[in-house]
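Undergrad: The structure under discussion is supplied below as structure tokens; questions concerning it will follow.
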Amino acid sequence: MSGGVDSAVAAARARDAGHDVTGIHLALSHNPKSYRSGARGCCTIEDSNDARRAADMIGIPFYLWDLSERFHQDVVEDFMSEYSEGRTPNPCVRCNEKIKFAAVLDRAVALGFDAVVTGHYAQLETGTDGMVEMHRAVDHGKDQSYVLGVLTQDQLARSMFPLGDSTKDVVRAEAAGRGLFVAQKPDSHDICFIADGDTAGWLRDRLGAGSGAIVDTSGEVLGSHEGTFGFTIGQRRGLRIGKPASDGKPRYVLDIEPVSGRVTVGSREDLAVDELVGIRPRWCGTTPATELDCTVQLRAHGDDHRAVARVIGDEVRIELIDPASGVAPGQAAVIYAGTRVVGSATIATTRRRTPV
Amino acid sequence: MAVAGLRLSLQPPILVDAMNPTATPVVYLDHAATTPIYPEVIEAMARQLASLGNASSLHGSGRAARRVVEESRETIAACLNARPSEVVFTSGGTEADNLAVKGFFWARHKADPRRTRIISTAVEHHAVLDPLHWLAAETAAQVELLPVDHDGRLDVEALRTSIERYPESVALVTVMWANNEVGTLQPLDDVAALTASHGIPLHTDAVQAMGQVPLDFAASGVDAMTVTGHKIGGPFGVGALLLRREADLVALLHGGGQERDVRSGTIDAPAIVGFAVAAELAVKGQSERAPVLAALRDELVTGILDVVPEAQLNGPPRDGRLPGNAHLSFPGCEGDSLLMLLDAQDIECSTGSACSAGVPQASHVLLAMGKGEAPARGSLRFSLGHTSTRDDVARVVDVIGPAVERARSAGATSSGARS
């Protein structure tokens, strides 16, 4: 229970469904901030108190589990090392993979529990083959199946997402009806361990600046920058290049080289990719045997791209029928068949298959 | 996040349905956190709550309240062999500790700027440690936390060496009477002899000791002693600093000048009378209760070690520790897993001293005793008190084996990264 409205209502629904539910708040930092600023973060003492009060109101026992060391190793350090190698990781995906549905789930099962319940918006169904299927939430605006796309069948079989069939409005109304004072608490955004939301600054403090040149696709130097961490692929604003492009069109970040610090910019057309190679695939059920007509989502709350996916050895090759732009290595590509999540992979390389 | 168990698949007796507790009563073995209030205390407090009057008022109602307060002061003084005028009421142990540590340092340092050192131990309660850290950070104070042995007992020779290095520079020595986690009794006689020979004031936090072991303020040689109500069957929110009449110390709270001008604030007559009634019951019953508690404690320790032979008792074996304290490490377990499993069966204990900061930390007491990080995290404190029974002990012994087994498998999953 994060201290937010979703996990509180999820716990209440699980209890109402007849389960013997215990509330757990994860301490993910050794030095929790006393108060949250705005809607950010999820590891403040105030959030922990909110979670405790929600558990009181629901009538379930409540404990705090210290996962700070595991979280630091598996999520925070991974986040830094991915960035230092020029990739753009999604720490929420990593947290679900390594913490919530691994460290927490394993510990819970060992202690005699059967499942982990979370307030994620996704739906679980048992398929005709007896396998647990994960589907997008009814509320497409809140759907979180993307960040859960790394979960395997074993993990899904021990997960419960009681909010998947509801819209956020319904959840808030239900929270209010249950007397949960977190009903109107704002949604959390951003990365929980970067309290002020300044990801670039956070990375700069820990990894050094990594300043370098800004070049165009022909290699001509257009300017310089103070650090690669201020950039993400597909970014248009804040490039601060004095000279306009020869064609007068806006320029976008195409590539970031972490070691040399070189940032390549180009046109919107240059940004489009239609082939991705994903590594470390994780399948929610059985591994797709042949090529799969699917859709692919490339970032949280991003668009659904029609695609064909092929499993080749340890890799997944994804051809996008609709090109995507601003795709960075390190992001998760989550593969769907309709509303069902088939699996996911970490994007290793992107390229343009067909010329513009 | 929440974890759920389908009711049918739960294997009793490890986890019972928390929403439908079994008929057995709660086994409360956390008396060191707080001990059940005596019915006589509630009665006395209720009577006083219904009585009008501010104890500082000069009229009849005020005098009536003042009389209750002064009689209570006399009772508490008599229980601890102090003079009534030496009892300064506070809001509890933390305030009394802060008053003693800061108040003595400020007064002594002002009187002689050479006095910058405060000598204490590595195993003090946070109500002493944190004021010490604060003084070190914000003032001229230099804090020395002396080491303890494997049982948590202060090395008196280290204290002697530390004082004799430059006795004129010592503002204060503060050493707890009994440790709140492992129950170790400190060699206060030796400490007091040392401080007295150099004219250095000595404070002791005796919150855990009162009602458990005999306390004689006059004979102890200490200059200030912290005690509190809710650890002896009295109410929360009231305690006292026993303070020698000649002791000079700066107040924390300034205002109406109550309590010898050392602790201003309207006198809480109902809480104070409750404290006094509890003190009388706890202290008068001490000599009879202590051997009974010690026997129960030994039964508990033996019973647990029979079932879990690899468990280790922390602190002194029998003598030299509080009669009601049993503190054990369970190798391979996380203390909070064990606590949760026992709590689910209505057995209430503690993983150390309760942590209010949110994140459980390895106990500084166990670390100071030379235990590693893992045993320090994998420990439980069972503390017995005036309501404890043989049935309580038997219930723990019945369930501890399977709970440890389960916690150990959980520990292996969640702390694999830890050494």
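Ligands are numbered from 1 in the order shown, chains are lettered A, B, ... in the order of the structure tokens, and residues start at 1 in each chain.
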If you run DSSP on the backbone, which residues of range 150-305 of chain B are strand (DSSP E or B), as a list of chain:residue names?
TA: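 Answer for range 150-305 of chain B, restricted to strand (DSSP E or B): B:Leu154, B:Val170, B:Ala171, B:Leu172, B:Val173, B:Thr174, B:Ala178, B:Thr184, B:Leu185, B:Leu202, B:His203, B:Thr204, B:Asp205, B:Met210, B:Val213, B:Ala224, B:Met225, B:Thr226, B:Val227, B:Thr228, B:Gly239, B:Ala240, B:Leu241, B:Leu242, B:Leu243.
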Undergrad: For those residues, write N, CA and C atoms to a file as a CSV table (one decimal), in the first residue's frame.
TA:
chain,number,residue,atom,x,y,z
B,154,LEU,N,28.7,-1.8,30.3
B,154,LEU,CA,29.7,-0.8,30.2
B,154,LEU,C,31.1,-1.3,30.7
B,170,VAL,N,35.0,17.3,32.0
B,170,VAL,CA,33.8,16.5,31.9
B,170,VAL,C,32.6,17.2,32.5
B,171,ALA,N,31.6,17.5,31.6
B,171,ALA,CA,30.4,18.2,32.1
B,171,ALA,C,29.4,17.3,32.7
B,172,LEU,N,29.3,16.0,32.2
B,172,LEU,CA,28.3,15.1,32.7
B,172,LEU,C,28.6,13.7,32.2
B,173,VAL,N,28.2,12.8,33.1
B,173,VAL,CA,28.2,11.4,32.7
B,173,VAL,C,26.8,10.9,32.7
B,174,THR,N,26.4,10.2,31.7
B,174,THR,CA,25.0,9.6,31.7
B,174,THR,C,25.1,8.1,31.3
B,178,ALA,N,19.3,0.2,33.2
B,178,ALA,CA,19.0,-1.1,32.6
B,178,ALA,C,18.7,-0.8,31.1
B,184,THR,N,20.2,-5.5,30.0
B,184,THR,CA,21.4,-5.5,30.8
B,184,THR,C,21.4,-4.5,31.9
B,185,LEU,N,21.8,-4.8,33.1
B,185,LEU,CA,21.9,-3.9,34.2
B,185,LEU,C,23.3,-3.3,34.1
B,202,LEU,N,26.1,12.8,37.6
B,202,LEU,CA,25.8,11.6,36.9
B,202,LEU,C,24.3,11.5,36.8
B,203,HIS,N,23.9,11.2,35.5
B,203,HIS,CA,22.5,11.0,35.2
B,203,HIS,C,22.3,9.5,34.8
B,204,THR,N,21.1,9.0,35.2
B,204,THR,CA,20.8,7.6,34.7
B,204,THR,C,19.4,7.5,34.3
B,205,ASP,N,19.2,6.9,33.1
B,205,ASP,CA,17.8,6.6,32.6
B,205,ASP,C,17.4,5.3,33.3
B,210,MET,N,12.7,0.7,36.9
B,210,MET,CA,11.7,0.9,38.0
B,210,MET,C,10.6,-0.2,38.0
B,213,VAL,N,13.7,-3.9,39.3
B,213,VAL,CA,14.8,-4.1,40.2
B,213,VAL,C,14.6,-3.0,41.3
B,224,ALA,N,20.8,12.5,39.0
B,224,ALA,CA,19.5,12.7,38.4
B,224,ALA,C,19.1,11.3,37.8
B,225,MET,N,17.9,11.0,37.9
B,225,MET,CA,17.4,9.7,37.5
B,225,MET,C,16.0,9.9,36.8
B,226,THR,N,15.9,9.3,35.6
B,226,THR,CA,14.7,9.4,34.8
B,226,THR,C,13.8,8.1,35.1
B,227,VAL,N,12.5,8.4,35.4
B,227,VAL,CA,11.5,7.3,35.5
B,227,VAL,C,10.3,7.8,34.7
B,228,THR,N,9.4,6.8,34.4
B,228,THR,CA,8.2,7.2,33.7
B,228,THR,C,7.0,6.3,34.1
B,239,GLY,N,6.1,11.5,33.7
B,239,GLY,CA,7.3,10.9,34.2
B,239,GLY,C,7.9,11.8,35.2
B,240,ALA,N,9.1,11.5,35.6
B,240,ALA,CA,9.8,12.4,36.5
B,240,ALA,C,11.3,12.3,36.3
B,241,LEU,N,12.0,13.4,36.6
B,241,LEU,CA,13.4,13.4,36.8
B,241,LEU,C,13.6,13.6,38.3
B,242,LEU,N,14.2,12.6,38.9
B,242,LEU,CA,14.6,12.7,40.3
B,242,LEU,C,16.0,13.5,40.3
B,243,LEU,N,16.0,14.6,41.0
B,243,LEU,CA,17.1,15.6,40.8
B,243,LEU,C,17.5,16.0,42.2
Undergrad: Between range 110-165 of chain A and range 17-31 of chain A, at 10 Å or less, what are the per-residue closest atom pairs and their distances in Å? Count only C-alpha atoms, order by chain and rising residue number, and return it as a tab-separated table.
TA:
residue	atom	partner	partner_atom	distance
A:Phe113	CA	A:Asp20	CA	8.8
A:Asp114	CA	A:Asp20	CA	9.8
A:Ala115	CA	A:Val21	CA	9.6
A:Val116	CA	A:Val21	CA	9.5
A:Val117	CA	A:Val21	CA	8.8
A:Pro162	CA	A:Ala17	CA	9.7
Undergrad: Dump N, CA and C atoms for the selected residues as a PDB file, in the first residue's frame?
TA:
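In the end it all went to out_8.pdb:
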ATOM      1  N   PHE A 113       1.493 -16.394   2.512  1.00  0.00           N
ATOM      2  CA  PHE A 113       0.475 -15.739   1.689  1.00  0.00           C
ATOM      3  C   PHE A 113       0.431 -16.384   0.307  1.00  0.00           C
ATOM      4  N   ASP A 114      -0.660 -16.128  -0.405  1.00  0.00           N
ATOM      5  CA  ASP A 114      -0.839 -16.742  -1.707  1.00  0.00           C
ATOM      6  C   ASP A 114      -0.596 -15.794  -2.864  1.00  0.00           C
ATOM      7  N   ALA A 115      -0.756 -14.509  -2.635  1.00  0.00           N
ATOM      8  CA  ALA A 115      -0.672 -13.585  -3.767  1.00  0.00           C
ATOM      9  C   ALA A 115      -0.326 -12.177  -3.300  1.00  0.00           C
ATOM     10  N   VAL A 116       0.141 -11.397  -4.243  1.00  0.00           N
ATOM     11  CA  VAL A 116       0.340  -9.966  -4.027  1.00  0.00           C
ATOM     12  C   VAL A 116      -0.795  -9.223  -4.736  1.00  0.00           C
ATOM     13  N   VAL A 117      -1.441  -8.339  -4.015  1.00  0.00           N
ATOM     14  CA  VAL A 117      -2.510  -7.507  -4.576  1.00  0.00           C
ATOM     15  C   VAL A 117      -1.936  -6.110  -4.762  1.00  0.00           C
ATOM     16  N   PRO A 162      -7.262  -5.846  -8.516  1.00  0.00           N
ATOM     17  CA  PRO A 162      -8.728  -5.683  -8.395  1.00  0.00           C
ATOM     18  C   PRO A 162      -9.282  -4.415  -9.056  1.00  0.00           C
TER      19      PRO A 162
END
Undergrad: Identify, on the basis of only C-alpha atoms, every residue whose closest approach to Glu174 in chain A does not exceed 12 Å; exclude the query and any residue fewer than 2 positions from it along the same chain; express the result as a list in words.
TA: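 Counting only the stated atoms, we get Val5, Asp6, Ala8, Val9, Ala10, Ala12, Arg13, Leu163, Ser166, Thr167, Lys168, Asp169, Val170, Val171, Arg172, Ala176, Gly177, Arg178, Gly179, Leu180, Phe181, Val182, Ala183 and Gln184 of chain A.
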Undergrad: Quick check, in Å to one decimal: how far apart do CA of Thr217 in chain A and CA of Thr264 in chain A lie?
TA: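 Atom-to-atom, CA of Thr217 in chain A to CA of Thr264 in chain A, that is 6.4 Å.
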Undergrad: Compare A:Arg87, A:Arg107, A:Arg94, A:Arg299 by their minimum atom-to-atom distance to chain B, counting only C-alpha atoms, and give me the closest one.
TA: A:Arg107
Undergrad: Enumerate the residues of range 156-327 of chain A with a DSSP assignment of alpha helix (DSSP H), computed from the backbone, and present them as JSON, numbers by chain.
TA: {"A": [156, 157, 168, 169, 170, 171, 172, 173, 174, 175, 176, 177, 199, 200, 201, 202, 203, 204, 205, 206, 207, 268, 269, 270, 271]}
Undergrad: Those same residues, written as a PDB file, in the first residue's frame with C-alpha atoms?
TA:
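As written to disk, again38.pdb reads:
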ATOM      1  CA  LEU A 156       0.827 -13.470 -12.820  1.00  0.00           C
ATOM      2  CA  ALA A 157      -0.542 -16.604 -11.174  1.00  0.00           C
ATOM      3  CA  LYS A 168     -10.277   5.970 -11.888  1.00  0.00           C
ATOM      4  CA  ASP A 169     -13.422   8.012 -11.209  1.00  0.00           C
ATOM      5  CA  VAL A 170     -15.166   4.934  -9.888  1.00  0.00           C
ATOM      6  CA  VAL A 171     -12.171   4.070  -7.723  1.00  0.00           C
ATOM      7  CA  ARG A 172     -12.060   7.551  -6.235  1.00  0.00           C
ATOM      8  CA  ALA A 173     -15.793   7.522  -5.578  1.00  0.00           C
ATOM      9  CA  GLU A 174     -15.498   4.110  -3.963  1.00  0.00           C
ATOM     10  CA  ALA A 175     -12.644   5.312  -1.762  1.00  0.00           C
ATOM     11  CA  ALA A 176     -14.762   8.230  -0.618  1.00  0.00           C
ATOM     12  CA  GLY A 177     -17.690   5.912   0.028  1.00  0.00           C
ATOM     13  CA  THR A 199      15.866  13.537 -13.564  1.00  0.00           C
ATOM     14  CA  ALA A 200      18.607  15.236 -15.571  1.00  0.00           C
ATOM     15  CA  GLY A 201      19.919  17.021 -12.494  1.00  0.00           C
ATOM     16  CA  TRP A 202      19.729  13.841 -10.420  1.00  0.00           C
ATOM     17  CA  LEU A 203      21.761  11.930 -13.002  1.00  0.00           C
ATOM     18  CA  ARG A 204      24.247  14.763 -13.417  1.00  0.00           C
ATOM     19  CA  ASP A 205      24.872  14.766  -9.647  1.00  0.00           C
ATOM     20  CA  ARG A 206      25.645  11.062  -9.679  1.00  0.00           C
ATOM     21  CA  LEU A 207      27.218  10.393 -13.054  1.00  0.00           C
ATOM     22  CA  ARG A 268      11.329  14.606 -37.531  1.00  0.00           C
ATOM     23  CA  GLU A 269      11.603  12.218 -40.475  1.00  0.00           C
ATOM     24  CA  ASP A 270      15.062  11.149 -39.317  1.00  0.00           C
ATOM     25  CA  LEU A 271      13.558  10.250 -35.989  1.00  0.00           C
TER      26      LEU A 271
END
Undergrad: Leaving out range 24-29 of chain B and any residue of its chain fewer than 6 positions from it, which residues lie within 7 Å of it when counting only C-alpha atoms, given as a list in words?
TA: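 Within the cut-off, the hits are Asp346, Ile347, Glu348, Cys349, Phe382, Ser383, Leu384 and Asp392 of chain B.
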Undergrad: Within 10 Å of range 106-121 of chain B, counting only C-alpha atoms, which residues show up once you throw out same-chain ones fewer than 6 positions away? Write them as a ChimeraX atom specification, please.
TA: /B:100,128-129,132,135-136,139-148,152-155,159,162-163,166-176,200-204,247-251,365,368
Undergrad: Taking N, CA and C atoms for each residue, export the selection above as a compact mmCIF listing (two decimals), in the first residue's frame.
TA:
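Contents of again26.txt, as written:
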# COMPACT_ATOMS: atom_id res chain seq x y z
N ALA B 100 17.77 16.41 31.68
CA ALA B 100 19.01 16.09 32.40
C ALA B 100 20.23 16.33 31.52
N VAL B 128 18.30 9.58 25.14
CA VAL B 128 19.57 10.12 25.61
C VAL B 128 20.53 10.35 24.43
N LEU B 129 20.61 9.35 23.55
CA LEU B 129 21.56 9.44 22.43
C LEU B 129 21.29 10.65 21.54
N LEU B 132 22.31 13.91 22.93
CA LEU B 132 23.78 13.97 22.91
C LEU B 132 24.27 14.35 21.51
N LEU B 135 23.54 17.99 20.93
CA LEU B 135 24.49 18.88 21.63
C LEU B 135 25.83 18.90 20.89
N ALA B 136 26.26 17.74 20.43
CA ALA B 136 27.55 17.67 19.74
C ALA B 136 27.51 18.48 18.45
N THR B 139 26.43 22.62 19.75
CA THR B 139 27.11 23.35 20.83
C THR B 139 28.57 22.91 20.88
N ALA B 140 29.24 23.35 21.91
CA ALA B 140 30.65 23.01 22.08
C ALA B 140 30.83 21.58 22.60
N ALA B 141 29.73 20.88 22.84
CA ALA B 141 29.83 19.57 23.48
C ALA B 141 30.60 18.56 22.64
N GLN B 142 31.41 17.76 23.33
CA GLN B 142 32.07 16.62 22.69
C GLN B 142 31.55 15.37 23.38
N VAL B 143 30.99 14.48 22.60
CA VAL B 143 30.33 13.32 23.18
C VAL B 143 31.21 12.09 23.01
N GLU B 144 31.40 11.37 24.10
CA GLU B 144 32.14 10.10 24.03
C GLU B 144 31.20 8.98 24.41
N LEU B 145 30.96 8.05 23.47
CA LEU B 145 30.10 6.90 23.75
C LEU B 145 31.01 5.70 24.01
N LEU B 146 31.05 5.26 25.25
CA LEU B 146 31.99 4.21 25.62
C LEU B 146 31.49 2.84 25.19
N PRO B 147 32.41 1.95 24.90
CA PRO B 147 32.02 0.61 24.44
C PRO B 147 31.44 -0.24 25.56
N VAL B 148 30.74 -1.29 25.15
CA VAL B 148 30.19 -2.26 26.11
C VAL B 148 30.74 -3.63 25.76
N GLY B 152 26.56 -6.32 26.73
CA GLY B 152 25.98 -4.97 26.72
C GLY B 152 26.34 -4.16 27.95
N ARG B 153 27.32 -4.66 28.75
CA ARG B 153 27.66 -3.96 29.99
C ARG B 153 28.83 -3.00 29.75
N LEU B 154 28.69 -1.82 30.34
CA LEU B 154 29.72 -0.78 30.20
C LEU B 154 31.06 -1.26 30.72
N ASP B 155 32.10 -0.90 30.00
CA ASP B 155 33.47 -1.16 30.43
C ASP B 155 33.87 -0.02 31.39
N LEU B 159 35.62 3.95 31.23
CA LEU B 159 35.08 5.18 31.81
C LEU B 159 36.13 5.86 32.67
N SER B 162 38.72 7.46 30.51
CA SER B 162 38.17 8.63 29.83
C SER B 162 38.08 9.82 30.78
N ILE B 163 37.56 9.57 31.99
CA ILE B 163 37.42 10.68 32.95
C ILE B 163 38.80 11.19 33.35
N TYR B 166 41.23 13.89 31.67
CA TYR B 166 41.09 15.33 31.89
C TYR B 166 39.77 15.56 32.63
N PRO B 167 39.76 15.27 33.92
CA PRO B 167 38.49 15.27 34.67
C PRO B 167 37.79 16.62 34.66
N GLU B 168 38.56 17.69 34.63
CA GLU B 168 37.95 19.02 34.69
C GLU B 168 37.13 19.34 33.44
N SER B 169 37.33 18.56 32.38
CA SER B 169 36.63 18.86 31.13
C SER B 169 35.30 18.11 31.01
N VAL B 170 34.98 17.28 32.02
CA VAL B 170 33.76 16.48 31.90
C VAL B 170 32.57 17.24 32.48
N ALA B 171 31.59 17.49 31.63
CA ALA B 171 30.40 18.21 32.07
C ALA B 171 29.41 17.27 32.73
N LEU B 172 29.34 16.04 32.23
CA LEU B 172 28.28 15.13 32.66
C LEU B 172 28.63 13.70 32.25
N VAL B 173 28.22 12.76 33.10
CA VAL B 173 28.24 11.35 32.70
C VAL B 173 26.80 10.87 32.75
N THR B 174 26.37 10.17 31.71
CA THR B 174 25.02 9.59 31.72
C THR B 174 25.09 8.13 31.27
N VAL B 175 24.61 7.26 32.16
CA VAL B 175 24.65 5.81 31.92
C VAL B 175 23.31 5.23 32.35
N MET B 176 22.67 4.50 31.46
CA MET B 176 21.35 3.95 31.78
C MET B 176 21.44 2.89 32.88
N ILE B 200 31.73 14.99 39.36
CA ILE B 200 31.03 15.12 38.07
C ILE B 200 29.60 14.64 38.23
N PRO B 201 28.61 15.42 37.78
CA PRO B 201 27.23 14.93 37.90
C PRO B 201 26.99 13.68 37.06
N LEU B 202 26.13 12.82 37.61
CA LEU B 202 25.80 11.55 36.95
C LEU B 202 24.30 11.46 36.76
N HIS B 203 23.89 11.20 35.52
CA HIS B 203 22.47 10.98 35.23
C HIS B 203 22.29 9.53 34.82
N THR B 204 21.13 8.97 35.18
CA THR B 204 20.82 7.62 34.71
C THR B 204 19.37 7.55 34.25
N ALA B 247 21.52 20.11 42.80
CA ALA B 247 21.91 20.05 41.39
C ALA B 247 21.50 21.32 40.66
N ASP B 248 22.43 21.81 39.84
CA ASP B 248 22.16 23.04 39.09
C ASP B 248 21.97 22.66 37.63
N LEU B 249 20.82 22.98 37.07
CA LEU B 249 20.65 22.68 35.66
C LEU B 249 19.70 23.67 35.00
N VAL B 250 19.91 23.90 33.72
CA VAL B 250 19.13 24.88 32.96
C VAL B 250 17.84 24.22 32.50
N ALA B 251 16.73 24.95 32.61
CA ALA B 251 15.44 24.40 32.21
C ALA B 251 15.31 24.29 30.69
N VAL B 365 22.17 -1.15 19.77
CA VAL B 365 22.58 -1.85 20.99
C VAL B 365 23.28 -3.16 20.63
N ALA B 368 26.58 -2.56 19.03
CA ALA B 368 27.59 -2.19 20.03
C ALA B 368 28.07 -3.40 20.82
Undergrad: Pick out the residues sitting within 8 Å of range 252-262 of chain B, and hand them over as a list of chain:residue names; count only C-alpha atoms, and ignore anything fewer than 5 positions along from it in its own chain.
TA: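 Once the adjacent positions are removed, what remains is B:Val88, B:Phe89, B:Asn98, B:Leu99, B:Lys102, B:Gly103, B:Ile267.
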Undergrad: Next, dump the selected residues to file, keeping only C-alpha atoms, as a short mmCIF file (atom, residue, chain, number, x, y, z; two decimals), in the first residue's frame.
TA:
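Saved result, result_25.cif, follows:
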data_model
loop_
_atom_site.label_atom_id
_atom_site.label_comp_id
_atom_site.auth_asym_id
_atom_site.auth_seq_id
_atom_site.Cartn_x
_atom_site.Cartn_y
_atom_site.Cartn_z
CA VAL B 88 10.45 16.93 39.21
CA PHE B 89 7.44 15.86 37.18
CA ASN B 98 16.46 15.73 27.56
CA LEU B 99 16.19 17.91 30.65
CA LYS B 102 20.91 19.30 28.00
CA GLY B 103 20.17 21.02 31.29
CA ILE B 267 0.79 20.52 36.76
#
Undergrad: Interatomic distance between CA of Glu405 in chain B and CA of Leu328 in chain B?
TA: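 Pair CA of Glu405 in chain B / CA of Leu328 in chain B returns 15.3 Å.
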Undergrad: What does the distance between CA of Ala108 in chain A and CA of Phe330 in chain B come to in Å, to one decimal place?
TA: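 According to the coordinates, CA of Ala108 in chain A and CA of Phe330 in chain B are separated by 18.9 Å.
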